[in-house]
>>> print(open('structure-v7.cif').read())   # mmCIF, C-alpha atoms
data_data
loop_
_atom_site.label_atom_id
_atom_site.label_comp_id
_atom_site.auth_asym_id
_atom_site.auth_seq_id
_atom_site.Cartn_x
_atom_site.Cartn_y
_atom_site.Cartn_z
CA MET A 1 121.75 113.84 75.91
CA HIS A 2 120.78 116.63 73.56
CA HIS A 3 119.95 119.09 76.36
CA ASN A 4 123.64 119.12 77.42
CA SER A 5 124.92 120.53 74.16
CA MET A 6 125.05 124.28 74.26
CA ASN A 7 123.20 126.32 71.69
CA PRO A 8 125.83 127.35 69.04
CA VAL A 9 124.65 130.98 69.21
CA LEU A 10 124.98 131.01 73.00
CA GLN A 11 128.38 129.38 72.65
CA ARG A 12 129.58 132.15 70.36
CA VAL A 13 128.19 134.83 72.63
CA ALA A 14 129.95 133.23 75.62
CA VAL A 15 133.28 133.00 73.76
CA GLY A 16 132.85 136.59 72.54
CA ALA A 17 132.21 137.79 76.10
CA MET A 18 135.30 135.96 77.38
CA LEU A 19 137.44 137.42 74.59
CA LEU A 20 136.14 140.90 75.34
CA TRP A 21 136.93 140.39 79.02
CA ALA A 22 140.47 139.16 78.29
CA VAL A 23 141.49 141.25 75.28
CA GLY A 24 139.29 144.34 75.79
CA PRO A 25 141.41 146.16 78.39
CA VAL A 26 144.63 145.50 76.43
CA ALA A 27 143.06 146.74 73.18
CA TRP A 28 141.70 149.82 74.98
CA MET A 29 145.15 150.53 76.39
CA ALA A 30 146.79 150.21 72.97
CA LEU A 31 144.10 152.53 71.52
CA THR A 32 144.64 155.10 74.28
CA SER A 33 148.37 155.08 73.61
CA ILE A 34 147.85 156.46 70.08
CA LYS A 35 145.12 159.00 70.94
CA PRO A 36 145.85 162.73 71.03
CA ASP A 37 145.98 163.91 74.68
CA GLN A 38 142.79 165.98 74.54
CA LEU A 39 140.71 162.94 73.42
CA VAL A 40 141.95 160.48 76.06
CA ALA A 41 139.36 161.28 78.73
CA VAL A 42 136.38 162.52 76.69
CA VAL A 43 132.93 161.03 77.36
CA PRO A 44 131.56 159.36 75.31
CA PRO A 45 134.91 157.87 74.11
CA ALA A 46 136.25 159.05 70.77
CA TRP A 47 136.43 156.09 68.40
CA ILE A 48 137.38 158.03 65.28
CA PHE A 49 140.53 160.15 65.54
CA THR A 50 143.85 160.76 63.83
CA PRO A 51 146.34 158.41 65.51
CA THR A 52 149.46 160.01 66.94
CA LEU A 53 152.77 158.48 67.95
CA ALA A 54 153.60 161.44 70.22
CA ASN A 55 153.35 159.31 73.37
CA TYR A 56 155.79 156.74 72.00
CA ALA A 57 158.13 159.49 70.81
CA ALA A 58 158.07 161.01 74.31
CA LEU A 59 158.91 157.58 75.76
CA LEU A 60 161.83 156.99 73.42
CA ASP A 61 163.13 160.49 74.13
CA SER A 62 163.09 159.78 77.85
CA ALA A 63 166.48 158.74 79.22
CA ASP A 64 164.62 157.02 82.08
CA PHE A 65 162.72 154.76 79.68
CA ARG A 66 165.87 153.77 77.81
CA ARG A 67 167.76 153.05 81.04
CA TYR A 68 164.88 151.07 82.57
CA LEU A 69 164.43 149.11 79.34
CA VAL A 70 168.09 148.02 79.34
CA ASN A 71 167.83 147.11 83.05
CA THR A 72 164.69 145.05 82.41
CA LEU A 73 166.29 143.18 79.51
CA VAL A 74 169.48 142.44 81.47
CA VAL A 75 167.63 141.35 84.63
CA ALA A 76 164.99 139.22 82.85
CA THR A 77 167.56 137.51 80.58
CA ALA A 78 169.96 136.76 83.45
CA THR A 79 167.09 135.42 85.60
CA SER A 80 165.99 133.22 82.70
CA ILE A 81 169.47 131.75 82.12
CA LEU A 82 170.16 131.16 85.82
CA ALA A 83 166.76 129.55 86.45
CA CYS A 84 167.34 127.16 83.55
CA VAL A 85 170.92 126.21 84.41
CA ILE A 86 170.46 125.86 88.19
CA GLY A 87 166.96 124.37 87.83
CA PHE A 88 168.16 121.74 85.36
CA LEU A 89 171.27 120.74 87.34
CA SER A 90 169.33 120.62 90.64
CA ALA A 91 166.56 118.49 89.11
CA TYR A 92 169.18 116.21 87.53
CA SER A 93 170.85 115.63 90.88
CA PHE A 94 167.48 115.02 92.60
CA THR A 95 166.37 112.45 90.01
CA ARG A 96 169.70 110.68 89.34
CA PHE A 97 171.48 110.54 92.72
CA ARG A 98 170.44 109.47 96.20
CA TYR A 99 171.77 111.52 99.11
CA ARG A 100 170.48 113.04 102.34
CA GLY A 101 167.86 115.58 101.29
CA SER A 102 167.42 114.39 97.70
CA ARG A 103 163.77 113.57 98.52
CA SER A 104 162.93 116.39 100.94
CA LEU A 105 164.65 119.34 99.22
CA PRO A 106 162.30 119.43 96.20
CA LEU A 107 159.37 119.66 98.64
CA PHE A 108 161.11 122.48 100.45
CA TYR A 109 161.38 124.37 97.14
CA LEU A 110 157.69 123.83 96.56
CA VAL A 111 156.89 125.41 99.93
CA VAL A 112 159.11 128.40 99.03
CA ARG A 113 157.05 128.77 95.86
CA MET A 114 153.87 129.03 97.96
CA VAL A 115 155.14 131.82 100.22
CA PRO A 116 153.69 135.20 99.12
CA ARG A 117 156.49 137.32 97.70
CA ILE A 118 155.54 140.34 99.74
CA THR A 119 156.53 138.54 102.96
CA LEU A 120 160.05 138.04 101.61
CA VAL A 121 160.77 141.64 100.64
CA LEU A 122 162.04 142.59 104.08
CA PRO A 123 164.41 139.61 104.57
CA PHE A 124 165.83 140.17 101.07
CA TYR A 125 166.21 143.88 101.81
CA VAL A 126 168.12 143.22 105.06
CA ILE A 127 170.42 140.57 103.54
CA LEU A 128 171.19 142.60 100.41
CA SER A 129 171.80 145.81 102.36
CA GLN A 130 174.30 143.99 104.62
CA LEU A 131 176.05 142.70 101.51
CA HIS A 132 175.99 146.26 100.08
CA LEU A 133 174.10 145.03 97.03
CA LEU A 134 170.99 147.22 97.29
CA ASN A 135 170.26 149.42 94.26
CA THR A 136 172.00 147.02 91.86
CA ARG A 137 170.73 144.84 89.03
CA PHE A 138 172.42 141.94 90.79
CA ALA A 139 170.02 142.32 93.75
CA LEU A 140 167.05 141.88 91.41
CA ILE A 141 168.62 138.97 89.52
CA VAL A 142 169.31 137.09 92.77
CA SER A 143 165.82 137.62 94.19
CA TYR A 144 164.00 136.87 90.92
CA THR A 145 166.05 133.70 90.41
CA ALA A 146 165.06 132.57 93.92
CA PHE A 147 161.39 132.86 92.89
CA ALA A 148 161.81 131.31 89.45
CA LEU A 149 163.83 128.32 90.68
CA PRO A 150 161.08 126.22 92.33
CA PHE A 151 159.10 126.30 89.08
CA GLY A 152 162.21 125.44 87.06
CA ILE A 153 163.24 122.60 89.37
CA TRP A 154 159.81 120.97 89.40
CA MET A 155 159.34 121.42 85.68
CA MET A 156 162.69 119.70 85.02
CA ILE A 157 162.05 116.93 87.60
CA GLY A 158 158.88 116.04 85.64
CA PHE A 159 160.87 115.74 82.42
CA LEU A 160 163.89 113.92 83.86
CA GLN A 161 161.73 111.33 85.64
CA GLU A 162 160.19 110.42 82.27
CA LEU A 163 163.56 110.12 80.58
CA PRO A 164 164.74 106.46 80.51
CA ILE A 165 168.06 106.20 82.34
CA ASP A 166 169.12 103.52 79.81
CA LEU A 167 169.89 106.27 77.29
CA GLU A 168 172.47 107.78 79.64
CA GLU A 169 173.91 104.37 80.55
CA ALA A 170 174.28 103.49 76.87
CA ALA A 171 176.15 106.77 76.25
CA ALA A 172 178.39 106.05 79.27
CA VAL A 173 179.21 102.58 77.91
CA ASP A 174 180.19 104.27 74.62
CA GLY A 175 182.77 106.26 76.59
CA ALA A 176 180.96 109.59 77.05
CA ASN A 177 181.74 111.48 80.28
CA ARG A 178 179.05 113.05 82.50
CA TRP A 179 179.14 116.47 80.75
CA GLN A 180 178.93 114.90 77.30
CA ILE A 181 175.96 112.79 78.42
CA LEU A 182 174.26 115.91 79.77
CA SER A 183 174.88 118.13 76.74
CA LYS A 184 174.46 115.55 73.93
CA VAL A 185 171.77 113.23 75.34
CA VAL A 186 169.81 114.80 78.20
CA VAL A 187 169.52 118.49 77.28
CA PRO A 188 168.12 117.94 73.74
CA LEU A 189 165.45 115.60 75.15
CA VAL A 190 164.30 117.99 77.87
CA ALA A 191 164.45 121.10 75.65
CA PRO A 192 160.67 121.82 75.87
CA GLY A 193 160.93 121.92 79.67
CA LEU A 194 163.92 124.25 79.48
CA ALA A 195 162.05 126.51 77.04
CA THR A 196 159.05 126.69 79.37
CA THR A 197 161.24 127.43 82.40
CA ALA A 198 163.13 130.10 80.44
CA ILE A 199 159.91 131.87 79.43
CA PHE A 200 158.36 131.81 82.92
CA ALA A 201 161.57 133.10 84.50
CA PHE A 202 161.89 135.79 81.83
CA LEU A 203 158.30 136.94 82.41
CA LEU A 204 158.89 137.07 86.16
CA GLY A 205 161.94 139.28 85.66
CA TRP A 206 160.07 141.40 83.13
CA ASN A 207 156.90 141.98 85.14
CA GLU A 208 157.88 142.02 88.82
CA PHE A 209 157.06 145.39 90.40
CA LEU A 210 157.43 145.19 94.18
CA PHE A 211 161.02 143.97 94.39
CA SER A 212 162.11 146.34 91.66
CA LEU A 213 160.58 149.23 93.57
CA ILE A 214 162.14 148.36 96.92
CA LEU A 215 165.46 146.63 96.21
CA ALA A 216 166.60 148.56 93.15
CA GLY A 217 167.62 152.21 92.88
CA PRO A 218 167.21 154.82 90.15
CA ASP A 219 170.00 153.18 88.13
CA SER A 220 168.80 149.60 88.35
CA ARG A 221 164.98 149.70 88.37
CA THR A 222 162.90 147.94 85.72
CA LEU A 223 160.04 149.08 83.49
CA PRO A 224 157.01 148.26 85.69
CA VAL A 225 158.26 150.86 88.20
CA LEU A 226 158.49 153.44 85.40
CA ILE A 227 154.78 152.96 84.63
CA ALA A 228 153.91 153.88 88.20
CA SER A 229 155.80 157.16 87.78
CA PHE A 230 153.21 158.44 85.28
CA GLU A 231 150.84 158.97 88.19
CA THR A 232 151.86 162.52 89.00
CA ASP A 233 150.52 165.24 91.29
CA ARG A 234 148.78 166.67 88.19
CA GLY A 235 146.90 163.42 87.67
CA ILE A 236 147.71 160.35 85.62
CA LEU A 237 149.39 160.94 82.25
CA TRP A 238 147.14 158.41 80.52
CA GLY A 239 148.71 158.70 77.07
CA GLN A 240 152.28 158.01 78.20
CA PHE A 241 151.05 155.52 80.78
CA SER A 242 149.29 153.50 78.04
CA ALA A 243 152.21 153.80 75.62
CA ALA A 244 154.66 152.48 78.24
CA ALA A 245 152.32 149.63 79.23
CA THR A 246 151.79 148.67 75.57
CA ALA A 247 155.55 148.82 74.93
CA ILE A 248 156.11 146.45 77.87
CA ILE A 249 153.42 143.98 76.79
CA LEU A 250 154.42 143.69 73.11
CA PRO A 251 157.80 141.89 73.56
CA VAL A 252 156.19 139.45 75.98
CA LEU A 253 153.38 138.73 73.50
CA ALA A 254 155.91 138.22 70.73
CA VAL A 255 157.97 135.77 72.84
CA ALA A 256 154.84 133.87 73.93
CA LEU A 257 153.54 133.56 70.34
CA VAL A 258 156.89 132.42 68.94
CA LEU A 259 157.42 129.81 71.67
CA GLN A 260 153.77 128.84 72.15
CA ARG A 261 154.30 125.29 70.85
CA HIS A 262 157.17 124.66 73.26
CA ILE A 263 155.23 126.04 76.21
CA VAL A 264 152.22 123.79 75.59
CA ARG A 265 154.48 120.79 74.99
CA GLY A 266 156.53 121.62 78.06
CA LEU A 267 153.54 122.01 80.36
CA THR A 268 151.79 118.85 79.13
CA MET A 269 154.85 116.57 78.90
CA GLY A 270 156.30 117.55 82.25
CA ALA A 271 152.96 116.91 83.93
CA VAL A 272 152.25 113.42 82.62
CA LYS A 273 153.44 110.62 84.89
CA GLY A 274 153.13 106.86 84.43
#
>>> encode(input="structure-v7.cif", output="structure tokens")
Amino acid sequence: MHHNSMNPVLQRVAVGAMLLWAVGPVAWMALTSIKPDQLVAVVPPAWIFTPTLANYAALLDSADFRRYLVNTLVVATATSILACVIGFLSAYSFTRFRYRGSRSLPLFYLVVRMVPRITLVLPFYVILSQLHLLNTRFALIVSYTAFALPFGIWMMIGFLQELPIDLEEAAAVDGANRWQILSKVVVPLVAPGLATTAIFAFLLGWNEFLFSLILAGPDSRTLPVLIASFETDRGILWGQFSAAATAIILPVLAVALVLQRHIVRGLTMGAVKG
């Protein structure tokens, strides 16, 4: 079977090429964000230069950036919390109680997950405008939560189905009420699933562009829309564009690295049945 094993040199080259493909554009963007303006577009590219933080300074000086950053944090955090709470309670009811729809509703949520978001912009726009909620952070939180929920519900169903019901029955015999059982017994055991749901929902709220552009106004938009504004009639302001994009990616990278263990555990545990 020797011919199946890949040549170690080829293996390294392949891994290097994949890394370059995945990390290259991000590294290039980060590099561009600290280049002086006049060197951004030179050919061949300037590799040796004196780094400048002027682009970041311009960002921090911009009232728009500060406002959009606060909006993004509020919207992404609220989406994350709502997706976890509603997702967990829904999944708990689907896995622990039998009622009309307890089998079919989870499938309905899965179908919602498959619908392309762009087809739902118009219905959301009409509903929110009739409720006079357009141009608010609330409009974004509601729509993002709707998209994050199917993932959250199915992630939590996977965990709760694996959880032996005997643990809850034992706690009930000891005199614990339903809320105590949930908070003391169930939640600690499904924590990896909650962590994974929280991160996915947060990323959705952090990255979503289309809904932020259409449903939110100047006071409630999030950072991805700000990036698009660097494409001006005088051309693209590459330096500021790259600085803003790097500033948006860094917190997400930090969150992913810190919670990496939970994510892997969450995705593998919730998926294993039997």
>>> atom_distance(input="structure-v7.cif", atom1="CA of Leu128 in chain A", atom2="CA of Leu149 in chain A")
18.8 Å
>>> resolve_selection(input="structure-v7.cif", expression="the PyMOL selection byres ((chain A and resi 202) around 7)", output="ChimeraX atom specification")
/A:76-77,79-80,198-201,203-206
>>> resolve_selection(input="structure-v7.cif", expression="the PyMOL selection byres ((chain A and resi 224-241) around 7)", output="list in words")
Thr32, Ser33, Asp37, Asn55, Asn207, Phe209, Ser212, Leu213, Arg221, Thr222, Leu223, Ser242, Ala243, Ala244 and Ala245 of chain A
>>> closest_residue(input="structure-v7.cif", among="A:Val75, A:Ile165, A:Ala256, A:Ala54", to="Phe138 in chain A", atoms="only C-alpha atoms")
A:Val75
>>> atom_distance(input="structure-v7.cif", atom1="CA of Phe124 in chain A", atom2="CA of Leu89 in chain A")
24.4 Å
>>> resolve_selection(input="structure-v7.cif", expression="the PyMOL selection byres ((chain A and resi 68) around 10)", output="ChimeraX atom specification")
/A:63-67,69-74,218-226
>>> closest_residue(input="structure-v7.cif", among="A:His262, A:Arg12, A:Arg96, A:Lys35", to="Val186 in chain A", atoms="only C-alpha atoms")
A:Arg96
>>> closest_residue(input="structure-v7.cif", among="A:Ala170, A:Met114, A:Leu134, A:Leu160", to="Ile214 in chain A", atoms="all atoms listed in the file")
A:Leu134
>>> atom_distance(input="structure-v7.cif", atom1="CA of Ser102 in chain A", atom2="CA of Trp154 in chain A")
13.0 Å
>>> closest_residue(input="structure-v7.cif", among="A:Leu267, A:Ile141, A:Leu120, A:Val185", to="Phe159 in chain A", atoms="all atoms listed in the file")
A:Leu267
>>> closest_residue(input="structure-v7.cif", among="A:Val40, A:Val23, A:Val264, A:Ile86", to="Gly152 in chain A", atoms="only C-alpha atoms")
A:Ile86
>>> residues_around(input="structure-v7.cif", residues="range 177-182 of chain A", least_positions_apart="3", cutoff="12 Å", atoms="all atoms listed in the file", output="PyMOL selection string")
chain A and resi 85+88-89+92-93+96+160+165-174+185-191
>>> write_last_selection(input="structure-v7.cif", atoms="C-alpha atoms", output="PDB file, keeping the file's coordinate frame")
ATOM      1  CA  VAL A  85     170.920 126.210  84.410  1.00  0.00           C
ATOM      2  CA  PHE A  88     168.160 121.740  85.360  1.00  0.00           C
ATOM      3  CA  LEU A  89     171.270 120.740  87.340  1.00  0.00           C
ATOM      4  CA  TYR A  92     169.180 116.210  87.530  1.00  0.00           C
ATOM      5  CA  SER A  93     170.850 115.630  90.880  1.00  0.00           C
ATOM      6  CA  ARG A  96     169.700 110.680  89.340  1.00  0.00           C
ATOM      7  CA  LEU A 160     163.890 113.920  83.860  1.00  0.00           C
ATOM      8  CA  ILE A 165     168.060 106.200  82.340  1.00  0.00           C
ATOM      9  CA  ASP A 166     169.120 103.520  79.810  1.00  0.00           C
ATOM     10  CA  LEU A 167     169.890 106.270  77.290  1.00  0.00           C
ATOM     11  CA  GLU A 168     172.470 107.780  79.640  1.00  0.00           C
ATOM     12  CA  GLU A 169     173.910 104.370  80.550  1.00  0.00           C
ATOM     13  CA  ALA A 170     174.280 103.490  76.870  1.00  0.00           C
ATOM     14  CA  ALA A 171     176.150 106.770  76.250  1.00  0.00           C
ATOM     15  CA  ALA A 172     178.390 106.050  79.270  1.00  0.00           C
ATOM     16  CA  VAL A 173     179.210 102.580  77.910  1.00  0.00           C
ATOM     17  CA  ASP A 174     180.190 104.270  74.620  1.00  0.00           C
ATOM     18  CA  VAL A 185     171.770 113.230  75.340  1.00  0.00           C
ATOM     19  CA  VAL A 186     169.810 114.800  78.200  1.00  0.00           C
ATOM     20  CA  VAL A 187     169.520 118.490  77.280  1.00  0.00           C
ATOM     21  CA  PRO A 188     168.120 117.940  73.740  1.00  0.00           C
ATOM     22  CA  LEU A 189     165.450 115.600  75.150  1.00  0.00           C
ATOM     23  CA  VAL A 190     164.300 117.990  77.870  1.00  0.00           C
ATOM     24  CA  ALA A 191     164.450 121.100  75.650  1.00  0.00           C
TER      25      ALA A 191
END
>>> closest_residue(input="structure-v7.cif", among="A:Val26, A:Leu19, A:Val126, A:Cys84", to="Leu250 in chain A", atoms="all atoms listed in the file")
A:Val26
>>> axis_aligned_box(input="structure-v7.cif", around="range 232-238 of chain A", padding_each_side="8 Å", output="lines of an AutoDock Vina configuration file")
center_x = 149.4
center_y = 162.5
center_z = 85.9
size_x = 21.0
size_y = 24.3
size_z = 26.8
>>> residues_around(input="structure-v7.cif", residues="Leu259 in chain A", least_positions_apart="4", cutoff="9 Å", atoms="all atoms listed in the file", output="PyMOL selection string")
chain A and resi 195-196+199+254-255+263-264
